[in-house]
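S.K.: Below is a structure I'd like to ask you about.
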Amino acid sequence: MPFSHDMVYSLATVVDLVNTGAGERDGLAEVADLAEFVGRREVSGVRTLTRRDLAEVRALREAFHAVFTAPDQATAVSVLNTLLGRTRITPSLTEHDGHPLHVHYFAPDASVAEHLAADCGVALAHVLVENERERLRTCAAPDCSHVFVDESRNRSRVYCDSRTCGNRMHVAAYRARARSRDAS
Ligand SMILES: [Zn+2]
Ligand SMILES: [Zn+2]
């Protein structure tokens, strides 16, 4: 795994956020969905959530999706710089909730969107700086648009999930091979 633990956590959060927009049902349709997301990702220091928070996080989701699907490094840098440029960032070292010492980047009074923009934005910035943009991928299954971060050593992962999409695609390939054998 080429990234530090907090970075892996922030990257998992940004993947989860972007993928709320990739299912049949929008995973951030209601404020209750946002509350569920905040709980699932253990986003700390979140106040009462409002429709405004929901709108802001949904807009942020679009910006992060654009980083994952950027055609080249320059586009990814530009999208991320726009996002970081309008985000208040206040680094501080913390050890909350039994987690080892790590850096938070969001301002102390940050809204949930500002919190996610700062922490996930900085994590993505490190990915670009380390020249690892090709690890930011979209699933290769034709019927799936989930994004993922390829943390494999040889950057060989192509499916968002080997048990679901990977397995389904392998079964499909096997059947196609069996059919072409039968036809010959
Ligand atoms: Zn933390
Ligand atoms: Zn997939």
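Simple scheme: letters A, B, ... for chains in structure tokens order, numbers from 1 for residues in each chain, numbers from 1 for ligands in the order shown.
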Within 6 Å of Ala118 of chain A, counting only C-alpha atoms, which residues show up once you throw out same-chain ones fewer than 6 positions away? Write them as a compact mmCIF listing (two decimals) with C-alpha atoms, in the first residue's frame, please.
M.R.:
# COMPACT_ATOMS: atom_id res chain seq x y z
CA ILE A 89 -7.81 24.67 5.16
CA TYR A 105 -7.10 19.79 7.33
CA PHE A 106 -10.62 21.15 7.84
S.K.: Tell me, which residues of segment 71-142 of chain A carry DSSP strand (DSSP E), written as a list in words?
M.R.: Ile89, Thr90, Pro91, Ser92, Leu93, Thr94, His102, Val103, His104, Tyr105, Phe106, Leu136, Arg137 and Thr138 of chain A
S.K.: Export, as an mmCIF file, in the first residue's frame, the selected residues with C-alpha atoms.
M.R.:
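Saved to part.cif:
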data_model
loop_
_atom_site.group_PDB
_atom_site.id
_atom_site.type_symbol
_atom_site.label_atom_id
_atom_site.label_comp_id
_atom_site.auth_asym_id
_atom_site.auth_seq_id
_atom_site.Cartn_x
_atom_site.Cartn_y
_atom_site.Cartn_z
ATOM 1 C CA ILE A 89 -7.814 24.669 5.157
ATOM 2 C CA THR A 90 -6.443 24.640 8.705
ATOM 3 C CA PRO A 91 -4.027 21.799 9.437
ATOM 4 C CA SER A 92 -3.988 20.483 12.991
ATOM 5 C CA LEU A 93 -2.598 17.382 14.671
ATOM 6 C CA THR A 94 -5.152 15.308 16.541
ATOM 7 C CA HIS A 102 -2.934 12.288 12.384
ATOM 8 C CA VAL A 103 -3.505 15.582 10.592
ATOM 9 C CA HIS A 104 -6.919 17.138 10.034
ATOM 10 C CA TYR A 105 -7.101 19.787 7.330
ATOM 11 C CA PHE A 106 -10.619 21.147 7.838
ATOM 12 C CA LEU A 136 -7.760 6.810 -9.550
ATOM 13 C CA ARG A 137 -9.928 4.543 -11.686
ATOM 14 C CA THR A 138 -13.436 3.811 -12.853
#
S.K.: Can you list, as JSON, numbers by chain, every protein, DNA or RNA residue that comes within 10 Å of segment 33-39 of chain A when you count only C-alpha atoms, leaving out same-chain residues fewer than 3 positions away?
M.R.: {"A": [13, 16, 17, 20, 26, 27, 28, 29, 30, 42, 43, 44, 46, 48, 49, 50, 51, 53, 54, 57, 58, 112, 116]}
S.K.: Between chain A and ligand 2, at 12 Å or less, what are the per-residue closest atom pairs and their distances in Å? Count only C-alpha atoms and all ligand atoms, order by chain and rising residue number, and return it as a tab-separated table.
M.R.:
residue	atom	partner	partner_atom_place_in_ligand_line	distance
A:Asn19	CA	ligand 2	1 (Zn)	10.1
A:Ala22	CA	ligand 2	1 (Zn)	9.8
A:Gly23	CA	ligand 2	1 (Zn)	10.3
A:Arg137	CA	ligand 2	1 (Zn)	10.5
A:Thr138	CA	ligand 2	1 (Zn)	7.8
A:Cys139	CA	ligand 2	1 (Zn)	4.6
A:Ala140	CA	ligand 2	1 (Zn)	6.7
A:Ala141	CA	ligand 2	1 (Zn)	5.5
A:Pro142	CA	ligand 2	1 (Zn)	8.3
A:Asp143	CA	ligand 2	1 (Zn)	7.6
A:Cys144	CA	ligand 2	1 (Zn)	4.6
A:Ser145	CA	ligand 2	1 (Zn)	6.3
A:His146	CA	ligand 2	1 (Zn)	5.4
A:Val147	CA	ligand 2	1 (Zn)	7.7
A:Phe148	CA	ligand 2	1 (Zn)	8.8
A:Arg157	CA	ligand 2	1 (Zn)	11.1
A:Val158	CA	ligand 2	1 (Zn)	8.6
A:Tyr159	CA	ligand 2	1 (Zn)	5.2
A:Cys160	CA	ligand 2	1 (Zn)	4.2
A:Asp161	CA	ligand 2	1 (Zn)	5.8
A:Ser162	CA	ligand 2	1 (Zn)	8.2
A:Arg163	CA	ligand 2	1 (Zn)	9.6
A:Thr164	CA	ligand 2	1 (Zn)	7.1
A:Cys165	CA	ligand 2	1 (Zn)	4.6
A:Gly166	CA	ligand 2	1 (Zn)	7.4
A:Asn167	CA	ligand 2	1 (Zn)	10.0
A:Arg168	CA	ligand 2	1 (Zn)	9.4
A:Met169	CA	ligand 2	1 (Zn)	9.5
S.K.: Which residue is closest to Pro71 of chain A? Choose from A:His115, A:Arg133, A:Arg40, A:Arg86 and count only C-alpha atoms.
M.R.: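 Selected residue with least distance to Pro71 of chain A: A:Arg133.
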S.K.: For Gly85 of chain A, which residue out of A:Pro108, A:Gly121, A:Pro100, A:Gly45 is the nearest one, using only C-alpha atoms?
M.R.: A:Gly121
S.K.: For atom CA of His96 of chain A and atom 1 (Zn, counted along the ligand's line) of ligand 1, determine how far apart the two atoms are, in Å to one decimal place.
M.R.: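 So the two atoms, atom CA of His96 of chain A and atom 1 (Zn, counted along the ligand's line) of ligand 1, lie 6.3 Å apart.
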S.K.: Out of chain A, which residues get alpha helix (DSSP H) from DSSP, as number ranges by chain?
M.R.: A: 5-19, 31-40, 51-68, 73-85, 112-129, 167-183
S.K.: Provide the atom CA of Glu56 of chain A to atom CA of Arg88 of chain A distance in Å, to one decimal place.
M.R.: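 Atom-to-atom, atom CA of Glu56 of chain A to atom CA of Arg88 of chain A, that is 14.5 Å.
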S.K.: Just how far from atom CA of Thr87 of chain A is atom CA of Glu151 of chain A, in Å to one decimal?
M.R.: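 About the pair atom CA of Glu151 of chain A and atom CA of Thr87 of chain A: they are 27.0 Å apart.
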S.K.: Neighbours of Cys120 of chain A within 7 Å (only C-alpha atoms; same-chain residues fewer than 5 positions away dropped), as a PDB file with C-alpha atoms, in the first residue's frame?
M.R.:
ATOM      1  CA  SER A  10      -9.636   9.867   3.252  1.00  0.00           C
ATOM      2  CA  LEU A  11      -9.382   8.206  -0.155  1.00  0.00           C
ATOM      3  CA  VAL A  14     -13.929  10.160  -1.332  1.00  0.00           C
TER       4      VAL A  14
END
S.K.: For ligand 1, which residue out of A:Arg41, A:Arg52, A:His65, A:Arg181 is the nearest one, using only C-alpha atoms and all ligand atoms?
M.R.: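 Nearest candidate to ligand 1 out of A:Arg41, A:Arg52, A:His65, A:Arg181: A:Arg41.
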S.K.: For each of A:Met7, A:Ala59, A:Ala172, A:Ala183, take the minimum atom-to-atom distance to ligand 1, counting only C-alpha atoms and all ligand atoms, then give the residue where this is smallest.
M.R.: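 Residue with the minimum atom-to-atom distance to ligand 1: A:Met7.
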S.K.: Identify which of the residues A:Ala107, A:Ala173, A:Val129, A:Leu124 lies closest to Val67 of chain A, counting only C-alpha atoms when measuring atom-to-atom distances.
M.R.: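 Of A:Ala107, A:Ala173, A:Val129, A:Leu124, the one nearest Val67 of chain A, counting only C-alpha atoms, is A:Leu124.
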S.K.: Out of A:Val79, A:Val15, A:Leu84, A:Ala176, which residue has the shortest atom-to-atom distance to Ala117 of chain A when counting only C-alpha atoms?
M.R.: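 Closest residue, counting only C-alpha atoms: A:Leu84.
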